[in-house]
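Notes follow the structure.
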Amino acid sequence: MTADKRTPNPERVAFLRSLPTEVKQSITGEEAETFMYEPDIPESLYEKIKDFITEDNK
């Protein structure tokens with residue numbers, strides 16, 4: 001699938017937008033892109049956002 005055809009996960013986009021400014025500033029573009037488009041969270045990003053993640057048992 002090409003980058004033009006991919007759609008970001010809207011829940012993950014909303015999550016990234018809801019983070020405090022200082023946390024958002026520490027996230028690299030590559031980490032954010034991987035988080036929005038891939039099923040797995042990069043370990044480096046997880047360490048930055050783990051305090052803001054809640055378990056969602058849907």
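By convention in this document, the chains of the structure tokens carry letters A, B, ... by their order, each chain's residues are numbered from 1, and ligands are numbered from 1 in the order they are shown.
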
Just the residues within 8 Å of stretch 16-25 of chain A, please, counting only C-alpha atoms, with nothing from its chain fewer than 6 positions along; format it as a tab-separated table (two decimals) with C-alpha atoms, in the first residue's frame.
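Result file follows (out-v1.tsv):
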```
chain	number	residue	atom	x	y	z
A	32	ALA	CA	4.10	9.54	15.34
A	48	LYS	CA	7.14	8.59	26.29
A	49	ILE	CA	3.36	7.97	26.42
A	52	PHE	CA	-1.18	8.45	29.39
```

Measuring between only C-alpha atoms, which one of A:Met36, A:Pro42, A:Thr54, A:Glu47 shows the shortest distance to A:Pro8? A:Met36

Correct to one decimal, the distance atom CA of A:Glu43-atom CA of A:Ile27 is 11.8 Å

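Closest approach to A:Ser26 among A:Tyr46, A:Val13, A:Ile53, A:Lys5: A:Tyr46, based on only C-alpha atoms.
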